[in-house]
$ cat run.pdb   # PDB, C-alpha atoms and all ligand atoms
ATOM      1  CA  PRO A   5       8.835  -0.595  -2.479  1.00  0.00           C
ATOM      2  CA  PRO A   6       5.875  -1.385  -4.767  1.00  0.00           C
ATOM      3  CA  LEU A   7       4.620   1.419  -6.979  1.00  0.00           C
ATOM      4  CA  TYR A   8       1.437   2.138  -5.017  1.00  0.00           C
ATOM      5  CA  MET A   9       3.534   2.638  -1.874  1.00  0.00           C
ATOM      6  CA  GLN A  10       5.766   5.044  -3.762  1.00  0.00           C
ATOM      7  CA  ARG A  11       2.685   7.038  -4.762  1.00  0.00           C
ATOM      8  CA  TYR A  12       1.489   7.228  -1.157  1.00  0.00           C
ATOM      9  CA  GLN A  13       4.998   8.139  -0.019  1.00  0.00           C
ATOM     10  CA  PHE A  14       5.053  10.968  -2.528  1.00  0.00           C
ATOM     11  CA  VAL A  15       1.941  12.454  -0.892  1.00  0.00           C
ATOM     12  CA  ILE A  16       3.312  11.874   2.620  1.00  0.00           C
ATOM     13  CA  ASP A  17       6.539  13.689   1.704  1.00  0.00           C
ATOM     14  CA  TYR A  18       4.521  16.555   0.242  1.00  0.00           C
ATOM     15  CA  VAL A  19       2.484  16.855   3.442  1.00  0.00           C
ATOM     16  CA  LYS A  20       5.662  16.791   5.500  1.00  0.00           C
ATOM     17  CA  THR A  21       7.100  19.686   3.494  1.00  0.00           C
ATOM     18  CA  TYR A  22       4.025  21.908   2.989  1.00  0.00           C
ATOM     19  CA  ARG A  23       2.016  21.020   6.098  1.00  0.00           C
ATOM     20  CA  PRO A  24      -1.562  21.402   4.796  1.00  0.00           C
ATOM     21  CA  LYS A  25      -4.199  21.496   7.561  1.00  0.00           C
ATOM     22  CA  LYS A  26      -7.164  20.276   5.505  1.00  0.00           C
ATOM     23  CA  VAL A  27      -6.640  17.410   3.086  1.00  0.00           C
ATOM     24  CA  ILE A  28      -9.160  15.639   0.880  1.00  0.00           C
ATOM     25  CA  ASP A  29      -8.417  12.403  -0.983  1.00  0.00           C
ATOM     26  CA  PHE A  30     -10.623  11.663  -3.996  1.00  0.00           C
ATOM     27  CA  GLY A  31     -11.047   8.060  -5.091  1.00  0.00           C
ATOM     28  CA  CYS A  32      -9.791   7.004  -1.657  1.00  0.00           C
ATOM     29  CA  ALA A  33     -11.102   3.430  -2.154  1.00  0.00           C
ATOM     30  CA  GLU A  34     -10.035   1.340   0.844  1.00  0.00           C
ATOM     31  CA  CYS A  35      -8.566   4.384   2.620  1.00  0.00           C
ATOM     32  CA  CYS A  36      -4.943   3.195   2.501  1.00  0.00           C
ATOM     33  CA  LEU A  37      -3.552   6.670   1.860  1.00  0.00           C
ATOM     34  CA  LEU A  38      -5.811   8.193   4.527  1.00  0.00           C
ATOM     35  CA  LYS A  39      -4.596   5.663   7.029  1.00  0.00           C
ATOM     36  CA  LYS A  40      -0.995   6.553   6.272  1.00  0.00           C
ATOM     37  CA  LEU A  41      -1.734  10.270   6.505  1.00  0.00           C
ATOM     38  CA  LYS A  42      -3.428   9.718   9.841  1.00  0.00           C
ATOM     39  CA  PHE A  43      -0.180   8.159  11.035  1.00  0.00           C
ATOM     40  CA  HIS A  44       2.078  10.827   9.446  1.00  0.00           C
ATOM     41  CA  ARG A  45      -0.167  13.733  10.388  1.00  0.00           C
ATOM     42  CA  ASN A  46       2.325  16.575  10.252  1.00  0.00           C
ATOM     43  CA  GLY A  47      -0.310  18.977  11.543  1.00  0.00           C
ATOM     44  CA  ILE A  48      -3.304  17.809   9.495  1.00  0.00           C
ATOM     45  CA  GLN A  49      -6.543  18.767  11.280  1.00  0.00           C
ATOM     46  CA  LEU A  50      -9.161  17.584   8.812  1.00  0.00           C
ATOM     47  CA  LEU A  51      -8.791  14.489   6.656  1.00  0.00           C
ATOM     48  CA  VAL A  52     -11.580  13.687   4.199  1.00  0.00           C
ATOM     49  CA  GLY A  53     -11.935  10.715   1.872  1.00  0.00           C
ATOM     50  CA  VAL A  54     -14.386  10.542  -1.025  1.00  0.00           C
ATOM     51  CA  ASP A  55     -15.196   7.624  -3.289  1.00  0.00           C
ATOM     52  CA  ILE A  56     -18.084   6.964  -5.652  1.00  0.00           C
ATOM     53  CA  ASN A  57     -18.156   3.336  -4.530  1.00  0.00           C
ATOM     54  CA  SER A  58     -19.595   2.943  -1.040  1.00  0.00           C
ATOM     55  CA  VAL A  59     -18.826  -0.792  -0.986  1.00  0.00           C
ATOM     56  CA  VAL A  60     -15.057  -0.259  -1.165  1.00  0.00           C
ATOM     57  CA  LEU A  61     -15.325   2.559   1.384  1.00  0.00           C
ATOM     58  CA  LEU A  62     -17.137   0.358   3.882  1.00  0.00           C
ATOM     59  CA  LYS A  63     -14.626  -2.469   3.564  1.00  0.00           C
ATOM     60  CA  ARG A  64     -11.779  -1.047   5.584  1.00  0.00           C
ATOM     61  CA  MET A  65     -12.947   2.254   7.024  1.00  0.00           C
ATOM     62  CA  HIS A  66     -12.741   0.915  10.563  1.00  0.00           C
ATOM     63  CA  MET A  67      -8.971   1.090  10.088  1.00  0.00           C
ATOM     64  CA  LEU A  68      -9.351   4.832  10.612  1.00  0.00           C
ATOM     65  CA  ALA A  69     -10.749   4.437  14.124  1.00  0.00           C
ATOM     66  CA  PRO A  70      -8.563   5.866  16.880  1.00  0.00           C
ATOM     67  CA  LEU A  71      -6.069   3.519  18.483  1.00  0.00           C
ATOM     68  CA  ILE A  72      -5.435   3.429  22.218  1.00  0.00           C
ATOM     69  CA  SER A  73      -2.045   4.990  21.461  1.00  0.00           C
ATOM     70  CA  ASP A  74      -3.775   7.979  19.843  1.00  0.00           C
ATOM     71  CA  TYR A  75      -5.193   8.766  23.298  1.00  0.00           C
ATOM     72  CA  LEU A  76      -2.058   7.883  25.247  1.00  0.00           C
ATOM     73  CA  GLN A  77       0.143  10.181  23.177  1.00  0.00           C
ATOM     74  CA  PRO A  78      -2.063  13.127  22.278  1.00  0.00           C
ATOM     75  CA  SER A  79      -0.530  14.657  19.165  1.00  0.00           C
ATOM     76  CA  ASP A  80      -0.862  18.041  17.524  1.00  0.00           C
ATOM     77  CA  GLY A  81      -4.467  19.025  18.348  1.00  0.00           C
ATOM     78  CA  PRO A  82      -7.735  17.344  17.389  1.00  0.00           C
ATOM     79  CA  LEU A  83      -8.087  15.441  14.139  1.00  0.00           C
ATOM     80  CA  THR A  84     -11.365  14.948  12.288  1.00  0.00           C
ATOM     81  CA  ILE A  85     -11.698  12.203   9.689  1.00  0.00           C
ATOM     82  CA  GLU A  86     -14.738  12.047   7.395  1.00  0.00           C
ATOM     83  CA  LEU A  87     -15.584   9.614   4.619  1.00  0.00           C
ATOM     84  CA  TYR A  88     -18.143  10.371   1.957  1.00  0.00           C
ATOM     85  CA  GLN A  89     -19.753   8.517  -0.857  1.00  0.00           C
ATOM     86  CA  GLY A  90     -19.846  10.950  -3.756  1.00  0.00           C
ATOM     87  CA  SER A  91     -18.440  11.803  -7.165  1.00  0.00           C
ATOM     88  CA  VAL A  92     -15.634  14.179  -7.936  1.00  0.00           C
ATOM     89  CA  THR A  93     -17.742  15.434 -10.843  1.00  0.00           C
ATOM     90  CA  GLU A  94     -20.349  16.893  -8.458  1.00  0.00           C
ATOM     91  CA  ARG A  95     -20.141  20.229  -6.642  1.00  0.00           C
ATOM     92  CA  GLU A  96     -20.290  19.683  -2.891  1.00  0.00           C
ATOM     93  CA  PRO A  97     -20.085  22.846  -0.738  1.00  0.00           C
ATOM     94  CA  CYS A  98     -18.346  21.086   2.159  1.00  0.00           C
ATOM     95  CA  THR A  99     -15.338  20.340  -0.083  1.00  0.00           C
ATOM     96  CA  ARG A 100     -14.342  23.987  -0.462  1.00  0.00           C
ATOM     97  CA  GLY A 101     -11.551  25.663   1.456  1.00  0.00           C
ATOM     98  CA  PHE A 102      -9.085  22.768   1.526  1.00  0.00           C
ATOM     99  CA  ASP A 103      -5.325  23.175   1.453  1.00  0.00           C
ATOM    100  CA  LEU A 104      -4.611  19.984  -0.478  1.00  0.00           C
ATOM    101  CA  VAL A 105      -6.591  17.680  -2.766  1.00  0.00           C
ATOM    102  CA  THR A 106      -5.080  14.341  -3.781  1.00  0.00           C
ATOM    103  CA  CYS A 107      -6.268  12.250  -6.740  1.00  0.00           C
ATOM    104  CA  VAL A 108      -4.105   9.146  -6.850  1.00  0.00           C
ATOM    105  CA  GLU A 109      -4.880   6.946  -9.884  1.00  0.00           C
ATOM    106  CA  LEU A 110      -8.374   8.403 -10.205  1.00  0.00           C
ATOM    107  CA  ILE A 111      -8.751  10.406 -13.423  1.00  0.00           C
ATOM    108  CA  GLU A 112      -8.109   7.466 -15.771  1.00  0.00           C
ATOM    109  CA  HIS A 113     -11.283   5.900 -14.328  1.00  0.00           C
ATOM    110  CA  LEU A 114     -13.359   8.840 -15.610  1.00  0.00           C
ATOM    111  CA  GLU A 115     -14.764   9.222 -19.113  1.00  0.00           C
ATOM    112  CA  LEU A 116     -13.087  12.119 -20.925  1.00  0.00           C
ATOM    113  CA  VAL A 117     -16.240  14.258 -20.635  1.00  0.00           C
ATOM    114  CA  GLU A 118     -16.142  13.612 -16.880  1.00  0.00           C
ATOM    115  CA  VAL A 119     -12.514  14.734 -16.754  1.00  0.00           C
ATOM    116  CA  ALA A 120     -13.772  18.133 -17.944  1.00  0.00           C
ATOM    117  CA  SER A 121     -16.300  18.287 -15.065  1.00  0.00           C
ATOM    118  CA  PHE A 122     -13.615  17.032 -12.689  1.00  0.00           C
ATOM    119  CA  SER A 123     -11.341  19.937 -13.686  1.00  0.00           C
ATOM    120  CA  GLU A 124     -14.141  22.467 -13.269  1.00  0.00           C
ATOM    121  CA  VAL A 125     -15.255  21.055  -9.913  1.00  0.00           C
ATOM    122  CA  VAL A 126     -11.821  20.567  -8.340  1.00  0.00           C
ATOM    123  CA  PHE A 127      -9.920  23.591  -9.663  1.00  0.00           C
ATOM    124  CA  GLY A 128     -12.774  25.992 -10.419  1.00  0.00           C
ATOM    125  CA  TYR A 129     -15.268  25.295  -7.637  1.00  0.00           C
ATOM    126  CA  MET A 130     -13.288  23.786  -4.755  1.00  0.00           C
ATOM    127  CA  SER A 131     -10.225  25.875  -5.556  1.00  0.00           C
ATOM    128  CA  PRO A 132      -7.845  24.225  -3.063  1.00  0.00           C
ATOM    129  CA  GLY A 133      -4.363  25.577  -2.345  1.00  0.00           C
ATOM    130  CA  ALA A 134      -2.737  22.580  -4.024  1.00  0.00           C
ATOM    131  CA  VAL A 135      -3.725  19.488  -6.018  1.00  0.00           C
ATOM    132  CA  ILE A 136      -1.730  16.307  -6.618  1.00  0.00           C
ATOM    133  CA  VAL A 137      -2.893  14.196  -9.575  1.00  0.00           C
ATOM    134  CA  SER A 138      -1.286  10.876 -10.493  1.00  0.00           C
ATOM    135  CA  THR A 139      -2.102   8.746 -13.536  1.00  0.00           C
ATOM    136  CA  PRO A 140      -0.375   6.026 -15.595  1.00  0.00           C
ATOM    137  CA  ASN A 141       2.160   7.122 -18.205  1.00  0.00           C
ATOM    138  CA  VAL A 142       1.174   5.014 -21.227  1.00  0.00           C
ATOM    139  CA  GLU A 143       4.655   5.483 -22.743  1.00  0.00           C
ATOM    140  CA  PHE A 144       5.963   3.201 -19.973  1.00  0.00           C
ATOM    141  CA  ASN A 145       3.555   0.360 -20.845  1.00  0.00           C
ATOM    142  CA  PRO A 146       5.891  -1.504 -23.266  1.00  0.00           C
ATOM    143  CA  LEU A 147       8.133  -2.146 -20.244  1.00  0.00           C
ATOM    144  CA  LEU A 148       5.361  -3.913 -18.312  1.00  0.00           C
ATOM    145  CA  PRO A 149       5.606  -7.633 -19.025  1.00  0.00           C
ATOM    146  CA  GLY A 150       2.613  -9.337 -20.596  1.00  0.00           C
ATOM    147  CA  LEU A 151       0.518  -6.192 -20.737  1.00  0.00           C
ATOM    148  CA  LYS A 152      -1.967  -5.894 -23.582  1.00  0.00           C
ATOM    149  CA  GLY A 153      -4.085  -2.771 -23.726  1.00  0.00           C
ATOM    150  CA  PHE A 154      -4.545  -0.680 -20.600  1.00  0.00           C
ATOM    151  CA  ARG A 155      -3.115  -1.500 -17.172  1.00  0.00           C
ATOM    152  CA  ASN A 156      -6.575  -2.054 -15.691  1.00  0.00           C
ATOM    153  CA  TYR A 157      -9.849  -3.107 -17.290  1.00  0.00           C
ATOM    154  CA  ASP A 158     -11.595  -0.098 -15.729  1.00  0.00           C
ATOM    155  CA  HIS A 159      -9.251   2.507 -17.248  1.00  0.00           C
ATOM    156  CA  LYS A 160     -11.074   4.710 -19.733  1.00  0.00           C
ATOM    157  CA  PHE A 161      -7.806   6.121 -21.090  1.00  0.00           C
ATOM    158  CA  GLU A 162      -4.084   6.202 -20.366  1.00  0.00           C
ATOM    159  CA  TRP A 163      -2.188   9.328 -21.328  1.00  0.00           C
ATOM    160  CA  THR A 164       1.234  10.027 -22.753  1.00  0.00           C
ATOM    161  CA  ARG A 165       3.263  12.670 -20.943  1.00  0.00           C
ATOM    162  CA  ALA A 166       2.338  15.189 -23.641  1.00  0.00           C
ATOM    163  CA  GLU A 167      -1.405  14.470 -23.266  1.00  0.00           C
ATOM    164  CA  PHE A 168      -1.254  14.758 -19.470  1.00  0.00           C
ATOM    165  CA  GLN A 169       0.699  18.003 -19.691  1.00  0.00           C
ATOM    166  CA  THR A 170      -1.658  19.484 -22.282  1.00  0.00           C
ATOM    167  CA  TRP A 171      -4.602  18.823 -19.951  1.00  0.00           C
ATOM    168  CA  ALA A 172      -2.715  20.198 -16.929  1.00  0.00           C
ATOM    169  CA  HIS A 173      -1.589  23.379 -18.669  1.00  0.00           C
ATOM    170  CA  LYS A 174      -5.146  24.083 -19.776  1.00  0.00           C
ATOM    171  CA  VAL A 175      -6.337  23.650 -16.187  1.00  0.00           C
ATOM    172  CA  CYS A 176      -3.691  26.168 -15.097  1.00  0.00           C
ATOM    173  CA  ARG A 177      -4.796  28.713 -17.704  1.00  0.00           C
ATOM    174  CA  ASP A 178      -8.502  28.246 -16.953  1.00  0.00           C
ATOM    175  CA  TYR A 179      -8.376  28.296 -13.151  1.00  0.00           C
ATOM    176  CA  GLY A 180      -5.210  30.148 -12.132  1.00  0.00           C
ATOM    177  CA  TYR A 181      -2.782  27.420 -11.084  1.00  0.00           C
ATOM    178  CA  SER A 182       0.870  26.622 -11.716  1.00  0.00           C
ATOM    179  CA  VAL A 183       2.026  23.052 -12.235  1.00  0.00           C
ATOM    180  CA  HIS A 184       5.147  20.957 -12.193  1.00  0.00           C
ATOM    181  CA  PHE A 185       5.514  17.385 -13.370  1.00  0.00           C
ATOM    182  CA  THR A 186       7.269  14.477 -11.775  1.00  0.00           C
ATOM    183  CA  GLY A 187       6.498  10.820 -11.113  1.00  0.00           C
ATOM    184  CA  VAL A 188       7.436   7.564  -9.444  1.00  0.00           C
ATOM    185  CA  GLY A 189       8.829   4.314 -10.856  1.00  0.00           C
ATOM    186  CA  GLU A 190      11.767   4.899 -13.145  1.00  0.00           C
ATOM    187  CA  ALA A 191      13.233   2.573 -15.757  1.00  0.00           C
ATOM    188  CA  VAL A 192      16.973   2.077 -16.108  1.00  0.00           C
ATOM    189  CA  GLY A 193      19.446   2.734 -18.905  1.00  0.00           C
ATOM    190  CA  HIS A 194      18.173   4.154 -22.172  1.00  0.00           C
ATOM    191  CA  TRP A 195      14.644   3.150 -21.188  1.00  0.00           C
ATOM    192  CA  ARG A 196      14.649   6.120 -18.825  1.00  0.00           C
ATOM    193  CA  GLU A 197      13.541   8.142 -21.843  1.00  0.00           C
ATOM    194  CA  VAL A 198      10.000   6.751 -21.589  1.00  0.00           C
ATOM    195  CA  GLY A 199       9.546   8.625 -18.300  1.00  0.00           C
ATOM    196  CA  PHE A 200       8.054   7.519 -15.000  1.00  0.00           C
ATOM    197  CA  CYS A 201       5.689   4.570 -14.716  1.00  0.00           C
ATOM    198  CA  THR A 202       3.264   6.806 -12.788  1.00  0.00           C
ATOM    199  CA  GLN A 203       3.194  10.441 -13.869  1.00  0.00           C
ATOM    200  CA  ILE A 204       2.349  13.053 -11.270  1.00  0.00           C
ATOM    201  CA  ALA A 205       1.290  16.687 -11.612  1.00  0.00           C
ATOM    202  CA  VAL A 206       1.549  18.977  -8.588  1.00  0.00           C
ATOM    203  CA  PHE A 207      -0.616  22.084  -8.934  1.00  0.00           C
ATOM    204  CA  GLN A 208      -0.300  25.199  -6.812  1.00  0.00           C
ATOM    205  CA  ARG A 209      -2.998  27.868  -6.765  1.00  0.00           C
ATOM    206  CA  ASN A 210      -1.601  31.233  -7.893  1.00  0.00           C
ATOM    207  CA  PHE A 211      -3.771  33.141  -5.436  1.00  0.00           C
ATOM    208  CA  HIS A 212      -2.128  32.605  -2.061  1.00  0.00           C
ATOM    209  CA  GLY A 213      -4.756  33.829   0.387  1.00  0.00           C
ATOM    210  CA  SER A 214      -6.537  31.366   2.625  1.00  0.00           C
ATOM    211  CA  MET A 215     -10.022  30.417   1.511  1.00  0.00           C
ATOM    212  CA  SER A 216     -10.661  28.266   4.547  1.00  0.00           C
ATOM    213  CA  ASN A 217     -14.125  28.653   5.963  1.00  0.00           C
ATOM    214  CA  ALA A 218     -13.933  28.213   9.722  1.00  0.00           C
ATOM    215  CA  GLU A 219     -17.232  26.409  10.037  1.00  0.00           C
ATOM    216  CA  ARG A 220     -17.670  22.876   8.757  1.00  0.00           C
ATOM    217  CA  LEU A 221     -20.712  22.706   6.479  1.00  0.00           C
ATOM    218  CA  GLU A 222     -23.034  19.726   6.431  1.00  0.00           C
ATOM    219  CA  PRO A 223     -22.792  17.781   3.167  1.00  0.00           C
ATOM    220  CA  SER A 224     -25.616  18.508   0.741  1.00  0.00           C
ATOM    221  CA  VAL A 225     -24.709  16.257  -2.196  1.00  0.00           C
ATOM    222  CA  TYR A 226     -22.351  13.641  -0.768  1.00  0.00           C
ATOM    223  CA  ARG A 227     -23.419  10.967   1.701  1.00  0.00           C
ATOM    224  CA  LEU A 228     -21.538  10.806   4.995  1.00  0.00           C
ATOM    225  CA  MET A 229     -20.384   7.231   5.657  1.00  0.00           C
ATOM    226  CA  TYR A 230     -18.044   7.634   8.587  1.00  0.00           C
ATOM    227  CA  LYS A 231     -16.854  10.338  10.922  1.00  0.00           C
ATOM    228  CA  VAL A 232     -14.457  10.288  13.814  1.00  0.00           C
ATOM    229  CA  VAL A 233     -13.018  13.127  15.883  1.00  0.00           C
ATOM    230  CA  TYR A 234     -10.047  12.610  18.139  1.00  0.00           C
TER     231      TYR A 234
HETATM  232  N1  LIG B   1      -6.575   6.213  -4.756  1.00  0.00           N
HETATM  233  C1  LIG B   1      -6.556   4.814  -4.427  1.00  0.00           C
HETATM  234  C2  LIG B   1      -5.173   4.249  -4.456  1.00  0.00           C
HETATM  235  O1  LIG B   1      -4.304   4.847  -5.056  1.00  0.00           O
HETATM  236  O2  LIG B   1      -4.956   3.194  -3.876  1.00  0.00           O
HETATM  237  C3  LIG B   1      -7.491   3.969  -5.279  1.00  0.00           C
HETATM  238  C4  LIG B   1      -7.503   4.251  -6.729  1.00  0.00           C
HETATM  239  S1  LIG B   1      -8.681   3.192  -7.603  1.00  0.00           S
HETATM  240  C5  LIG B   1      -7.653   2.677  -8.904  1.00  0.00           C
HETATM  241  C6  LIG B   1      -9.809   4.380  -8.274  1.00  0.00           C
HETATM  242  C7  LIG B   1     -10.921   4.745  -7.341  1.00  0.00           C
HETATM  243  O3  LIG B   1     -11.623   5.867  -7.864  1.00  0.00           O
HETATM  244  C8  LIG B   1     -11.934   3.637  -7.144  1.00  0.00           C
HETATM  245  O4  LIG B   1     -12.069   3.340  -5.787  1.00  0.00           O
HETATM  246  C9  LIG B   1     -13.219   4.209  -7.743  1.00  0.00           C
HETATM  247  O5  LIG B   1     -14.383   3.779  -7.054  1.00  0.00           O
HETATM  248  C10 LIG B   1     -12.994   5.694  -7.575  1.00  0.00           C
HETATM  249  N2  LIG B   1     -13.786   6.550  -8.485  1.00  0.00           N
HETATM  250  C11 LIG B   1     -14.082   6.313  -9.788  1.00  0.00           C
HETATM  251  N3  LIG B   1     -14.822   7.318 -10.284  1.00  0.00           N
HETATM  252  C12 LIG B   1     -15.010   8.217  -9.270  1.00  0.00           C
HETATM  253  C13 LIG B   1     -15.697   9.444  -9.164  1.00  0.00           C
HETATM  254  N4  LIG B   1     -16.368   9.981 -10.196  1.00  0.00           N
HETATM  255  N5  LIG B   1     -15.679  10.099  -7.976  1.00  0.00           N
HETATM  256  C14 LIG B   1     -15.025   9.571  -6.911  1.00  0.00           C
HETATM  257  N6  LIG B   1     -14.360   8.416  -6.963  1.00  0.00           N
HETATM  258  C15 LIG B   1     -14.348   7.730  -8.124  1.00  0.00           C
END

$ encode --input "run.pdb" --output "structure tokens" --more "lines below"
Ligand code: SAM
Amino acid sequence: PPLYMQRYQFVIDYVKTYRPKKVIDFGCAECCLLKKLKFHRNGIQLLVGVDINSVVLLKRMHMLAPLISDYLQPSDGPLTIELYQGSVTEREPCTRGFDLVTCVELIEHLELVEVASFSEVVFGYMSPGAVIVSTPNVEFNPLLPGLKGFRNYDHKFEWTRAEFQTWAHKVCRDYGYSVHFTGVGEAVGHWREVGFCTQIAVFQRNFHGSMSNAERLEPSVYRLMYKVVY
């Protein structure tokens, strides 16, 4: 399967294993991952997507609308889906108390100073139970045919494994998380040494208590674009 599907599948497998109830996807763009998670719910009760770009959000958000089959085969309890226009560098009270935050191919679109705010907001302020961050591994780039420079014109940086791990370990020290590294898209033969095409860090909060607030707060910074309960 193509690389982006492998990234989504990684998150789906994680959800299947750890069964988070509240999941938020930052940089959700056209909501492809959200749509897959809606299908592979595994007990998810609240699914939130956030993107800074309202135009991409609006494009395909109707895909999240309930299908007839969702009513014919009622699954595990009600599901709420919310989409917001907002930035991961801003503190939004209604993003606290989540079990899982996913950031698939998001951080490389931030300026490095914004990555610092991102770390503070996501790990320090939101303090979710777990965070999955994926980003290109620049060491793999020589294997991509015809590539000059970064993989996408909008990338502000692409990190080596060492750079990604240095950032992740600092986040763990600063905010009380543990991390392990993996990835998707592997080369063959001796090229395996360059690592995965997409590098992934999976963070787990060291404090295990639940921080879930029962009541759903109204957004105060983000703009609600779409909401469906079923
Ligand atoms: N996660 C999706 C996926 O894997 O298919 C899309 C990733 S796309 C390469 C990066 C997305 O991050 C874009 O939709 C962009 O608008 C969004 N983005 C960039 N900066 C952001 C920010 N500060 N806060 C929230 N989203 C942001």

$ resolve_selection --input "run.pdb" --expression "the PyMOL selection byres (((chain A and resi 223-233) around 7) and not hetatm)" --output "list in words"
Ala69, Pro82, Leu83, Thr84, Ile85, Glu86, Leu87, Tyr88, Gln89, Gly90, Glu96, Pro97, Cys98, Leu221, Glu222 and Tyr234 of chain A

$ closest_residue --input "run.pdb" --among "A:Val137, A:Val60, A:Val183, A:Leu50" --to "ligand LIG 1 (chain B)" --atoms "all atoms listed in the file"
A:Val60

$ axis_aligned_box --input "run.pdb" --around "ligand LIG 1 (chain B)" --padding-each-side "3 Å" --output "lines of an AutoDock Vina configuration file"
center_x = -10.3
center_y = 6.4
center_z = -7.1
size_x = 18.1
size_y = 13.4
size_z = 12.4

$ residues_near_ligand --input "run.pdb" --ligand "ligand LIG 1 (chain B)" --cutoff "9 Å" --atoms "only C-alpha atoms and all ligand atoms" --output "NGL selection string"
:A and (8-9 or 11-12 or 29-37 or 54-61 or 89-94 or 106-114 or 118-119 or 122 or 138 or 156 or 158-159)

$ write_last_selection --input "run.pdb" --atoms "C-alpha atoms" --output "PDB file, in the coordinates of the input"
ATOM      1  CA  TYR A   8       1.437   2.138  -5.017  1.00  0.00           C
ATOM      2  CA  MET A   9       3.534   2.638  -1.874  1.00  0.00           C
ATOM      3  CA  ARG A  11       2.685   7.038  -4.762  1.00  0.00           C
ATOM      4  CA  TYR A  12       1.489   7.228  -1.157  1.00  0.00           C
ATOM      5  CA  ASP A  29      -8.417  12.403  -0.983  1.00  0.00           C
ATOM      6  CA  PHE A  30     -10.623  11.663  -3.996  1.00  0.00           C
ATOM      7  CA  GLY A  31     -11.047   8.060  -5.091  1.00  0.00           C
ATOM      8  CA  CYS A  32      -9.791   7.004  -1.657  1.00  0.00           C
ATOM      9  CA  ALA A  33     -11.102   3.430  -2.154  1.00  0.00           C
ATOM     10  CA  GLU A  34     -10.035   1.340   0.844  1.00  0.00           C
ATOM     11  CA  CYS A  35      -8.566   4.384   2.620  1.00  0.00           C
ATOM     12  CA  CYS A  36      -4.943   3.195   2.501  1.00  0.00           C
ATOM     13  CA  LEU A  37      -3.552   6.670   1.860  1.00  0.00           C
ATOM     14  CA  VAL A  54     -14.386  10.542  -1.025  1.00  0.00           C
ATOM     15  CA  ASP A  55     -15.196   7.624  -3.289  1.00  0.00           C
ATOM     16  CA  ILE A  56     -18.084   6.964  -5.652  1.00  0.00           C
ATOM     17  CA  ASN A  57     -18.156   3.336  -4.530  1.00  0.00           C
ATOM     18  CA  SER A  58     -19.595   2.943  -1.040  1.00  0.00           C
ATOM     19  CA  VAL A  59     -18.826  -0.792  -0.986  1.00  0.00           C
ATOM     20  CA  VAL A  60     -15.057  -0.259  -1.165  1.00  0.00           C
ATOM     21  CA  LEU A  61     -15.325   2.559   1.384  1.00  0.00           C
ATOM     22  CA  GLN A  89     -19.753   8.517  -0.857  1.00  0.00           C
ATOM     23  CA  GLY A  90     -19.846  10.950  -3.756  1.00  0.00           C
ATOM     24  CA  SER A  91     -18.440  11.803  -7.165  1.00  0.00           C
ATOM     25  CA  VAL A  92     -15.634  14.179  -7.936  1.00  0.00           C
ATOM     26  CA  THR A  93     -17.742  15.434 -10.843  1.00  0.00           C
ATOM     27  CA  GLU A  94     -20.349  16.893  -8.458  1.00  0.00           C
ATOM     28  CA  THR A 106      -5.080  14.341  -3.781  1.00  0.00           C
ATOM     29  CA  CYS A 107      -6.268  12.250  -6.740  1.00  0.00           C
ATOM     30  CA  VAL A 108      -4.105   9.146  -6.850  1.00  0.00           C
ATOM     31  CA  GLU A 109      -4.880   6.946  -9.884  1.00  0.00           C
ATOM     32  CA  LEU A 110      -8.374   8.403 -10.205  1.00  0.00           C
ATOM     33  CA  ILE A 111      -8.751  10.406 -13.423  1.00  0.00           C
ATOM     34  CA  GLU A 112      -8.109   7.466 -15.771  1.00  0.00           C
ATOM     35  CA  HIS A 113     -11.283   5.900 -14.328  1.00  0.00           C
ATOM     36  CA  LEU A 114     -13.359   8.840 -15.610  1.00  0.00           C
ATOM     37  CA  GLU A 118     -16.142  13.612 -16.880  1.00  0.00           C
ATOM     38  CA  VAL A 119     -12.514  14.734 -16.754  1.00  0.00           C
ATOM     39  CA  PHE A 122     -13.615  17.032 -12.689  1.00  0.00           C
ATOM     40  CA  SER A 138      -1.286  10.876 -10.493  1.00  0.00           C
ATOM     41  CA  ASN A 156      -6.575  -2.054 -15.691  1.00  0.00           C
ATOM     42  CA  ASP A 158     -11.595  -0.098 -15.729  1.00  0.00           C
ATOM     43  CA  HIS A 159      -9.251   2.507 -17.248  1.00  0.00           C
TER      44      HIS A 159
END

$ closest_residue --input "run.pdb" --among "A:Phe207, A:Gln13, A:Tyr22, A:Lys63" --to "Arg177 in chain A" --atoms "only C-alpha atoms"
A:Phe207

$ atom_distance --input "run.pdb" --atom1 "CA of Val192 in chain A" --atom2 "CA of Lys20 in chain A"
28.5 Å

$ atom_distance --input "run.pdb" --atom1 "CA of Leu116 in chain A" --atom2 "CA of Phe200 in chain A"
22.4 Å

$ closest_residue --input "run.pdb" --among "A:Val198, A:Thr139, A:Leu38, A:Gln169" --to "Arg64 in chain A" --atoms "all atoms listed in the file"
A:Leu38

$ residues_around --input "run.pdb" --residues "His173 in chain A" --least-positions-apart "6" --cutoff "12 Å" --atoms "only C-alpha atoms" --output "list of chain:residue names"
A:Ser123, A:Arg165, A:Ala166, A:Glu167, A:Tyr179, A:Gly180, A:Tyr181, A:Ser182, A:Val183, A:His184, A:Phe185, A:Ala205, A:Val206, A:Phe207

$ residues_near_point --input "run.pdb" --point "(-6.8, 20.4, -1.1)" --cutoff "9 Å" --atoms "only C-alpha atoms" --output "ChimeraX atom specification"
/A:24,26-29,99-106,126,130-136

$ atom_distance --input "run.pdb" --atom1 "CA of Cys201 in chain A" --atom2 "CA of Asn145 in chain A"
7.7 Å

$ closest_residue --input "run.pdb" --among "A:Gly128, A:Gly153, A:Gly81, A:Pro140" --to "Val188 in chain A" --atoms "all atoms listed in the file"
A:Pro140

$ resolve_selection --input "run.pdb" --expression "the PyMOL selection byres (((chain A and resi 162) around 6) and not hetatm)" --output "mmCIF file with C-alpha atoms, in the frame of the given file"
data_model
loop_
_atom_site.group_PDB
_atom_site.id
_atom_site.type_symbol
_atom_site.label_atom_id
_atom_site.label_comp_id
_atom_site.auth_asym_id
_atom_site.auth_seq_id
_atom_site.Cartn_x
_atom_site.Cartn_y
_atom_site.Cartn_z
ATOM 1 C CA VAL A 142 1.174 5.014 -21.227
ATOM 2 C CA PHE A 161 -7.806 6.121 -21.090
ATOM 3 C CA TRP A 163 -2.188 9.328 -21.328
#
